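Undergrad: The structure's right below; bear with me while I get my questions together.
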Amino acid sequence: MAGRLSGKVSIVTGAGSGIGAATARRFHAEGAKVVLADISGNQEDLAKELGDGALAVHADVSQGESVQAMIAAAIDTFGRLDVLHNNAGIDGEIAKVADMTEEGWDKVQSINLRGVFLGIKYAVPAMLRNGGGSIINTASMAATVSFPQMASYCAAKGGVVMLTKTAAAEYAAQGIRVNSISPGTIQTAITDSLPQDMIKAIIAANPVGRIAAASEVASLAVFLASDESAFITGSDYLIDGGYTLL
């Protein structure tokens, strides 16, 4: 039985763990060829787990040459590029704005926002050669509501949402759809690294009352990557258990 992404070639950044790994597994299960891009090395183990149709590449999404090489690897190996999930991200330095270092600010921006820009910039020409494609950017509910001591993260994710909308408007007529996903509190390495008091407070304030699994975000990514969402572009999808409603 053909999967929902049968015949598509995809790239997932940050594929070594968390949402990226969950999405890569789902894309592969739905029939897509998957390039697993990460800087950690964990993508190698996942590629071995998935087997045929999975390719691990080392990629630093903050560097243009590395992103270009990642996209070239997808095309050289699988012949085309249909889907890009710009997912790689870090939480960064936890500090009030006046106490945050310039280096800490810049590091988060370089990965969480510049990395998305570079992914779009270099994926678009490859997708245009195929007549279109789907780009999915991981933003955050931190683009909608503030989180004290995470100014750089919030600013970068807000930038991802507006970059998504702008790119969607620019390339819609050429068959490229660009959407973003804004997860709430998801069980990932980032949430594991945050102060537990912060996590407990977020859960207590969440109407659903729990942390979500990375697989729940992956399910939405599959929909946005598939032809089922062919009339959807420029949208941001909150997966936050209702946190931002209150």
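By convention in this document, the chains of the structure tokens carry letters A, B, ... by their order, each chain's residues are numbered from 1, and ligands are numbered from 1 in the order they are shown.
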Please identify all polymer residues within 8 Å of Val9 (chain A), counting only C-alpha atoms, omitting same-chain residues fewer than 2 positions from it, and present them as a list in words.
TA: Gly7, Ile11, Ala32, Lys33, Val34, Val35, Ala74, Phe78, Arg80, Leu81, Asp82 and Val83 of chain A
Undergrad: Take the residues from that selection and put them in a file with N, CA and C atoms, as a CSV table (one decimal), in the first residue's frame.
TA:
```csv
chain,number,residue,atom,x,y,z
A,7,GLY,N,6.9,8.5,-3.3
A,7,GLY,CA,7.5,9.1,-4.4
A,7,GLY,C,8.2,10.4,-4.1
A,11,ILE,N,14.0,16.3,3.1
A,11,ILE,CA,15.1,16.5,4.0
A,11,ILE,C,14.5,17.0,5.3
A,32,ALA,N,8.4,8.2,1.8
A,32,ALA,CA,9.3,9.2,1.3
A,32,ALA,C,10.7,8.7,1.4
A,33,LYS,N,11.6,9.2,0.5
A,33,LYS,CA,13.0,9.1,0.7
A,33,LYS,C,13.4,10.2,1.7
A,34,VAL,N,14.3,10.0,2.6
A,34,VAL,CA,14.5,10.9,3.7
A,34,VAL,C,16.0,11.2,3.8
A,35,VAL,N,16.4,12.4,3.7
A,35,VAL,CA,17.8,12.8,4.1
A,35,VAL,C,17.8,13.3,5.5
A,74,ALA,N,20.8,15.3,-1.3
A,74,ALA,CA,19.5,14.8,-1.6
A,74,ALA,C,19.3,14.6,-3.1
A,78,PHE,N,18.9,10.9,-4.6
A,78,PHE,CA,17.5,10.5,-4.8
A,78,PHE,C,16.9,11.3,-6.0
A,80,ARG,N,15.9,14.5,-6.7
A,80,ARG,CA,15.1,15.6,-6.7
A,80,ARG,C,14.9,16.0,-5.2
A,81,LEU,N,14.1,17.1,-5.0
A,81,LEU,CA,13.8,17.5,-3.6
A,81,LEU,C,12.3,18.0,-3.7
A,82,ASP,N,11.5,17.4,-2.8
A,82,ASP,CA,10.1,17.8,-2.8
A,82,ASP,C,9.7,18.4,-1.5
A,83,VAL,N,10.3,18.0,-0.4
A,83,VAL,CA,9.9,18.4,1.0
A,83,VAL,C,11.2,18.8,1.8
```
Undergrad: Give the strand (DSSP E) residues of region 20-221 of chain A, as DSSP finds them on the backbone, and put them as a list in words.
TA: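 Strand (DSSP E) assignments inside region 20-221 of chain A correspond to Lys33, Val34, Val35, Leu36, Ala37, Asp38, Ala54, Leu55, Ala56, Val57, His58, Val83, Leu84, His85, Asn86, Gly133, Ser134, Ile135, Ile136, Asn137, Thr138, Ile176, Arg177, Val178, Asn179, Ser180, Ile181, Ser182 and Pro183 of chain A.
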Undergrad: Show me, as a Markdown table, the residues of region 115-158 of chain A having an atom within 12 Å of region 212-217 of chain A, each with the closest atom pair and its distance in Å, using only C-alpha atoms.
TA:
```
| residue | atom | partner | partner_atom | distance |
| --- | --- | --- | --- | --- |
| A:Ile136 | CA | A:Val217 | CA | 11.6 |
| A:Asn137 | CA | A:Val217 | CA | 11.8 |
| A:Thr138 | CA | A:Val217 | CA | 9.6 |
| A:Ala139 | CA | A:Val217 | CA | 11.6 |
| A:Ser140 | CA | A:Val217 | CA | 11.3 |
```
Undergrad: Generate a file of the selected residues that holds C-alpha atoms, formatted as an mmCIF file, in the first residue's frame.
TA:
```
data_model
loop_
_atom_site.group_PDB
_atom_site.id
_atom_site.type_symbol
_atom_site.label_atom_id
_atom_site.label_comp_id
_atom_site.auth_asym_id
_atom_site.auth_seq_id
_atom_site.Cartn_x
_atom_site.Cartn_y
_atom_site.Cartn_z
ATOM 1 C CA ILE A 136 7.809 23.202 6.706
ATOM 2 C CA ASN A 137 9.485 25.367 9.339
ATOM 3 C CA THR A 138 9.531 24.592 13.042
ATOM 4 C CA ALA A 139 8.603 27.730 14.957
ATOM 5 C CA SER A 140 7.241 27.625 18.525
#
```
Undergrad: Which residue gives the smallest distance to Ala22 (chain A) among A:Ile94, A:Leu118, A:Leu50, A:Leu5, with only C-alpha atoms counted?
TA: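 The shortest atom-to-atom distance to Ala22 (chain A) comes from A:Leu50.
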Undergrad: Where in region 8-93 of chain A does DSSP assign helix (DSSP H, G or I), given as a VMD selection string?
TA: chain A and resid 18 to 29 42 to 50 64 to 78
Undergrad: For the selection just defined, write its residues with N, CA and C atoms to a file, as a short mmCIF file (atom, residue, chain, number, x, y, z; two decimals), in the first residue's frame.
TA:
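File produced: out23.cif:
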```
data_model
loop_
_atom_site.label_atom_id
_atom_site.label_comp_id
_atom_site.auth_asym_id
_atom_site.auth_seq_id
_atom_site.Cartn_x
_atom_site.Cartn_y
_atom_site.Cartn_z
N GLY A 18 14.48 14.14 18.95
CA GLY A 18 13.27 14.93 19.16
C GLY A 18 12.31 14.94 18.00
N ILE A 19 11.79 16.13 17.70
CA ILE A 19 10.80 16.29 16.63
C ILE A 19 11.39 15.87 15.28
N GLY A 20 12.65 16.19 15.05
CA GLY A 20 13.27 15.84 13.78
C GLY A 20 13.32 14.34 13.56
N ALA A 21 13.74 13.59 14.58
CA ALA A 21 13.81 12.13 14.46
C ALA A 21 12.42 11.54 14.29
N ALA A 22 11.45 12.05 15.04
CA ALA A 22 10.08 11.54 14.92
C ALA A 22 9.52 11.81 13.53
N THR A 23 9.80 13.00 12.99
CA THR A 23 9.31 13.34 11.65
C THR A 23 9.99 12.50 10.59
N ALA A 24 11.29 12.30 10.71
CA ALA A 24 12.01 11.48 9.74
C ALA A 24 11.45 10.06 9.71
N ARG A 25 11.16 9.51 10.88
CA ARG A 25 10.58 8.16 10.93
C ARG A 25 9.22 8.12 10.23
N ARG A 26 8.39 9.12 10.49
CA ARG A 26 7.07 9.15 9.88
C ARG A 26 7.14 9.36 8.38
N PHE A 27 8.00 10.28 7.93
CA PHE A 27 8.16 10.50 6.49
C PHE A 27 8.56 9.20 5.80
N HIS A 28 9.53 8.51 6.39
CA HIS A 28 10.01 7.26 5.80
C HIS A 28 8.91 6.20 5.79
N ALA A 29 8.15 6.12 6.89
CA ALA A 29 7.06 5.15 6.97
C ALA A 29 5.97 5.43 5.95
N ASN A 42 24.02 11.68 15.58
CA ASN A 42 22.94 10.73 15.89
C ASN A 42 22.15 10.32 14.64
N GLN A 43 22.21 11.16 13.61
CA GLN A 43 21.49 10.85 12.38
C GLN A 43 22.01 9.57 11.72
N GLU A 44 23.26 9.22 11.97
CA GLU A 44 23.83 8.02 11.38
C GLU A 44 23.12 6.77 11.91
N ASP A 45 22.87 6.75 13.21
CA ASP A 45 22.18 5.59 13.80
C ASP A 45 20.75 5.49 13.30
N LEU A 46 20.08 6.63 13.15
CA LEU A 46 18.70 6.61 12.67
C LEU A 46 18.65 6.14 11.22
N ALA A 47 19.60 6.56 10.40
CA ALA A 47 19.63 6.11 9.01
C ALA A 47 19.80 4.60 8.92
N LYS A 48 20.63 4.05 9.80
CA LYS A 48 20.81 2.59 9.82
C LYS A 48 19.53 1.90 10.26
N GLU A 49 18.84 2.50 11.21
CA GLU A 49 17.57 1.94 11.69
C GLU A 49 16.52 1.92 10.57
N LEU A 50 16.44 3.00 9.80
CA LEU A 50 15.42 3.11 8.75
C LEU A 50 15.76 2.28 7.52
N GLY A 64 25.90 28.51 5.03
CA GLY A 64 25.34 28.36 3.70
C GLY A 64 25.94 27.21 2.92
N GLU A 65 27.25 27.04 2.98
CA GLU A 65 27.90 25.97 2.22
C GLU A 65 27.42 24.60 2.68
N SER A 66 27.21 24.47 4.00
CA SER A 66 26.76 23.20 4.54
C SER A 66 25.32 22.90 4.11
N VAL A 67 24.48 23.91 4.09
CA VAL A 67 23.09 23.73 3.65
C VAL A 67 23.05 23.38 2.17
N GLN A 68 23.86 24.04 1.36
CA GLN A 68 23.92 23.71 -0.06
C GLN A 68 24.37 22.27 -0.28
N ALA A 69 25.35 21.83 0.50
CA ALA A 69 25.84 20.45 0.38
C ALA A 69 24.76 19.45 0.78
N MET A 70 23.98 19.79 1.79
CA MET A 70 22.87 18.94 2.24
C MET A 70 21.85 18.74 1.13
N ILE A 71 21.49 19.83 0.47
CA ILE A 71 20.51 19.76 -0.61
C ILE A 71 21.08 19.03 -1.82
N ALA A 72 22.36 19.27 -2.10
CA ALA A 72 23.02 18.56 -3.21
C ALA A 72 23.04 17.06 -2.95
N ALA A 73 23.24 16.66 -1.69
CA ALA A 73 23.27 15.24 -1.36
C ALA A 73 21.92 14.59 -1.63
N ALA A 74 20.84 15.31 -1.32
CA ALA A 74 19.50 14.78 -1.58
C ALA A 74 19.28 14.57 -3.08
N ILE A 75 19.68 15.55 -3.87
CA ILE A 75 19.47 15.47 -5.31
C ILE A 75 20.38 14.43 -5.95
N ASP A 76 21.64 14.40 -5.52
CA ASP A 76 22.59 13.44 -6.07
C ASP A 76 22.18 12.00 -5.77
N THR A 77 21.61 11.79 -4.59
CA THR A 77 21.26 10.43 -4.16
C THR A 77 19.88 10.00 -4.65
N PHE A 78 18.91 10.91 -4.56
CA PHE A 78 17.52 10.54 -4.83
C PHE A 78 16.92 11.25 -6.04
#
```
Undergrad: Looking at only C-alpha atoms, which of A:Thr185, A:Ser180, A:Thr13, A:Gln174 is the one that sits closest to Val124 (chain A)?
TA: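 Result for the nearest residue to Val124 (chain A): A:Gln174.
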Undergrad: With only C-alpha atoms as the basis for distance, which of A:Ala169, A:Val116, A:Leu36, A:Ala95 is at the shortest distance from Gly53 (chain A)?
TA: A:Leu36
Undergrad: Please list as a PyMOL selection string every residue within 10 Å of Ala143 (chain A), counting only C-alpha atoms and excluding residues in the same chain fewer than 6 positions away.
TA: chain A and resi 153-162+182-183+238
Undergrad: Could you pull the residues within 12 Å of region 200-202 of chain A, counting only C-alpha atoms, minus those fewer than 2 positions along the same chain, as a PDB file with N, CA and C atoms, in the first residue's frame?
TA:
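Output file selection_33.pdb follows:
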```pdb
ATOM      1  N   MET A 141       5.425  27.982  20.093  1.00  0.00           N
ATOM      2  CA  MET A 141       4.442  28.849  20.728  1.00  0.00           C
ATOM      3  C   MET A 141       5.111  30.074  21.327  1.00  0.00           C
ATOM      4  N   ALA A 142       6.447  30.037  21.450  1.00  0.00           N
ATOM      5  CA  ALA A 142       7.212  31.194  21.913  1.00  0.00           C
ATOM      6  C   ALA A 142       7.219  32.315  20.885  1.00  0.00           C
ATOM      7  N   VAL A 145       3.555  33.820  22.525  1.00  0.00           N
ATOM      8  CA  VAL A 145       3.585  34.323  23.901  1.00  0.00           C
ATOM      9  C   VAL A 145       5.033  34.366  24.384  1.00  0.00           C
ATOM     10  N   PHE A 147       8.344  34.147  26.908  1.00  0.00           N
ATOM     11  CA  PHE A 147       8.902  33.333  27.973  1.00  0.00           C
ATOM     12  C   PHE A 147      10.091  34.076  28.549  1.00  0.00           C
ATOM     13  N   GLY A 184       4.103  23.524  21.327  1.00  0.00           N
ATOM     14  CA  GLY A 184       4.177  23.947  22.707  1.00  0.00           C
ATOM     15  C   GLY A 184       5.242  23.129  23.407  1.00  0.00           C
ATOM     16  N   THR A 185       4.942  22.679  24.601  1.00  0.00           N
ATOM     17  CA  THR A 185       5.919  21.906  25.366  1.00  0.00           C
ATOM     18  C   THR A 185       5.907  20.462  24.877  1.00  0.00           C
ATOM     19  N   ILE A 186       6.988  20.074  24.221  1.00  0.00           N
ATOM     20  CA  ILE A 186       7.130  18.743  23.636  1.00  0.00           C
ATOM     21  C   ILE A 186       8.266  18.029  24.354  1.00  0.00           C
ATOM     22  N   THR A 191      13.429  20.461  26.110  1.00  0.00           N
ATOM     23  CA  THR A 191      12.650  20.535  27.351  1.00  0.00           C
ATOM     24  C   THR A 191      13.379  19.827  28.491  1.00  0.00           C
ATOM     25  N   ASP A 192      14.125  18.781  28.171  1.00  0.00           N
ATOM     26  CA  ASP A 192      14.893  18.093  29.206  1.00  0.00           C
ATOM     27  C   ASP A 192      15.961  19.004  29.802  1.00  0.00           C
ATOM     28  N   LEU A 194      15.735  22.332  30.158  1.00  0.00           N
ATOM     29  CA  LEU A 194      15.185  23.510  30.825  1.00  0.00           C
ATOM     30  C   LEU A 194      14.967  23.233  32.314  1.00  0.00           C
ATOM     31  N   PRO A 195      14.948  24.300  33.126  1.00  0.00           N
ATOM     32  CA  PRO A 195      14.671  24.113  34.553  1.00  0.00           C
ATOM     33  C   PRO A 195      13.324  23.420  34.753  1.00  0.00           C
ATOM     34  N   GLN A 196      13.306  22.405  35.595  1.00  0.00           N
ATOM     35  CA  GLN A 196      12.083  21.626  35.781  1.00  0.00           C
ATOM     36  C   GLN A 196      10.944  22.446  36.384  1.00  0.00           C
ATOM     37  N   ASP A 197      11.290  23.463  37.165  1.00  0.00           N
ATOM     38  CA  ASP A 197      10.248  24.347  37.699  1.00  0.00           C
ATOM     39  C   ASP A 197       9.513  25.056  36.563  1.00  0.00           C
ATOM     40  N   MET A 198      10.260  25.432  35.511  1.00  0.00           N
ATOM     41  CA  MET A 198       9.662  26.082  34.349  1.00  0.00           C
ATOM     42  C   MET A 198       8.716  25.125  33.638  1.00  0.00           C
ATOM     43  N   ALA A 204       1.209  23.058  34.298  1.00  0.00           N
ATOM     44  CA  ALA A 204       0.117  23.462  35.175  1.00  0.00           C
ATOM     45  C   ALA A 204      -0.787  24.492  34.507  1.00  0.00           C
ATOM     46  N   ALA A 205      -0.200  25.304  33.619  1.00  0.00           N
ATOM     47  CA  ALA A 205      -0.973  26.345  32.939  1.00  0.00           C
ATOM     48  C   ALA A 205      -1.611  25.859  31.642  1.00  0.00           C
ATOM     49  N   ASN A 206      -1.346  24.609  31.267  1.00  0.00           N
ATOM     50  CA  ASN A 206      -1.827  24.076  29.997  1.00  0.00           C
ATOM     51  C   ASN A 206      -3.187  23.406  30.187  1.00  0.00           C
ATOM     52  N   PRO A 207      -4.205  23.801  29.435  1.00  0.00           N
ATOM     53  CA  PRO A 207      -5.522  23.183  29.582  1.00  0.00           C
ATOM     54  C   PRO A 207      -5.509  21.665  29.427  1.00  0.00           C
ATOM     55  N   VAL A 208      -4.663  21.142  28.552  1.00  0.00           N
ATOM     56  CA  VAL A 208      -4.596  19.689  28.359  1.00  0.00           C
ATOM     57  C   VAL A 208      -3.857  19.020  29.514  1.00  0.00           C
ATOM     58  N   GLY A 209      -2.961  19.757  30.152  1.00  0.00           N
ATOM     59  CA  GLY A 209      -2.310  19.263  31.361  1.00  0.00           C
ATOM     60  C   GLY A 209      -1.206  18.253  31.165  1.00  0.00           C
ATOM     61  N   ARG A 210      -0.521  18.297  30.043  1.00  0.00           N
ATOM     62  CA  ARG A 210       0.577  17.355  29.816  1.00  0.00           C
ATOM     63  C   ARG A 210       1.555  17.904  28.796  1.00  0.00           C
ATOM     64  N   ILE A 211       2.684  17.238  28.684  1.00  0.00           N
ATOM     65  CA  ILE A 211       3.635  17.487  27.611  1.00  0.00           C
ATOM     66  C   ILE A 211       3.260  16.585  26.429  1.00  0.00           C
ATOM     67  N   ALA A 212       3.444  17.084  25.229  1.00  0.00           N
ATOM     68  CA  ALA A 212       3.129  16.288  24.040  1.00  0.00           C
ATOM     69  C   ALA A 212       4.315  15.439  23.610  1.00  0.00           C
ATOM     70  N   ASP A 240      -0.092  23.186  20.944  1.00  0.00           N
ATOM     71  CA  ASP A 240       0.316  23.608  22.289  1.00  0.00           C
ATOM     72  C   ASP A 240      -0.651  23.173  23.383  1.00  0.00           C
ATOM     73  N   GLY A 241      -1.597  22.305  23.065  1.00  0.00           N
ATOM     74  CA  GLY A 241      -2.532  21.848  24.083  1.00  0.00           C
ATOM     75  C   GLY A 241      -3.406  22.952  24.649  1.00  0.00           C
ATOM     76  N   GLY A 242      -3.506  24.045  23.909  1.00  0.00           N
ATOM     77  CA  GLY A 242      -4.339  25.149  24.349  1.00  0.00           C
ATOM     78  C   GLY A 242      -3.633  26.174  25.222  1.00  0.00           C
ATOM     79  N   TYR A 243      -2.325  26.044  25.383  1.00  0.00           N
ATOM     80  CA  TYR A 243      -1.572  26.938  26.286  1.00  0.00           C
ATOM     81  C   TYR A 243      -1.779  28.405  25.949  1.00  0.00           C
ATOM     82  N   THR A 244      -1.734  28.737  24.648  1.00  0.00           N
ATOM     83  CA  THR A 244      -1.819  30.150  24.256  1.00  0.00           C
ATOM     84  C   THR A 244      -3.237  30.681  24.237  1.00  0.00           C
ATOM     85  N   LEU A 246      -5.042  30.966  26.907  1.00  0.00           N
ATOM     86  CA  LEU A 246      -5.315  31.552  28.213  1.00  0.00           C
ATOM     87  C   LEU A 246      -4.514  32.836  28.446  1.00  0.00           C
TER      88      LEU A 246
END
```
Undergrad: Which of these residues is nearest to Glu93 (chain A), using only C-alpha atoms: A:Ser62, A:Ser152, A:Asn130, A:Ser146?
TA: A:Ser152
Undergrad: Within 10 Å of Ser40 (chain A), counting only C-alpha atoms, which residues show up once you throw out same-chain ones fewer than 6 positions away? Write them as number ranges by chain, please.
TA: A: 14-17, 58-60
Undergrad: Those same residues, written as a PDB file, in the first residue's frame with N, CA and C atoms?
TA:
```pdb
ATOM      1  N   GLY A  14      17.918  18.662  11.944  1.00  0.00           N
ATOM      2  CA  GLY A  14      17.740  18.312  13.341  1.00  0.00           C
ATOM      3  C   GLY A  14      17.160  16.923  13.494  1.00  0.00           C
ATOM      4  N   ALA A  15      17.509  16.035  12.548  1.00  0.00           N
ATOM      5  CA  ALA A  15      16.895  14.706  12.495  1.00  0.00           C
ATOM      6  C   ALA A  15      17.481  13.724  13.494  1.00  0.00           C
ATOM      7  N   GLY A  16      18.483  14.144  14.244  1.00  0.00           N
ATOM      8  CA  GLY A  16      19.130  13.224  15.167  1.00  0.00           C
ATOM      9  C   GLY A  16      18.368  12.960  16.436  1.00  0.00           C
ATOM     10  N   SER A  17      17.359  13.788  16.729  1.00  0.00           N
ATOM     11  CA  SER A  17      16.633  13.614  17.988  1.00  0.00           C
ATOM     12  C   SER A  17      15.303  14.354  17.936  1.00  0.00           C
ATOM     13  N   HIS A  58      25.923  15.119   7.538  1.00  0.00           N
ATOM     14  CA  HIS A  58      26.327  16.073   8.567  1.00  0.00           C
ATOM     15  C   HIS A  58      26.051  17.467   8.028  1.00  0.00           C
ATOM     16  N   ALA A  59      25.300  18.259   8.771  1.00  0.00           N
ATOM     17  CA  ALA A  59      24.956  19.602   8.294  1.00  0.00           C
ATOM     18  C   ALA A  59      24.914  20.584   9.455  1.00  0.00           C
ATOM     19  N   ASP A  60      25.546  21.732   9.239  1.00  0.00           N
ATOM     20  CA  ASP A  60      25.452  22.879  10.141  1.00  0.00           C
ATOM     21  C   ASP A  60      24.545  23.887   9.460  1.00  0.00           C
TER      22      ASP A  60
END
```
Undergrad: How many Å separate CA of Val222 (chain A) from CA of Ala126 (chain A)?
TA: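 One can read the CA of Val222 (chain A) to CA of Ala126 (chain A) distance as 20.3 Å.
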Undergrad: For CA of Ala56 (chain A) and CA of Ala37 (chain A), quote the distance in Å rounded to one decimal.
TA: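 Those two atoms sit 6.1 Å apart.
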Undergrad: CA of Asp52 (chain A) and CA of Asp38 (chain A) are how many Å apart?
TA: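 The value is 18.6 Å.
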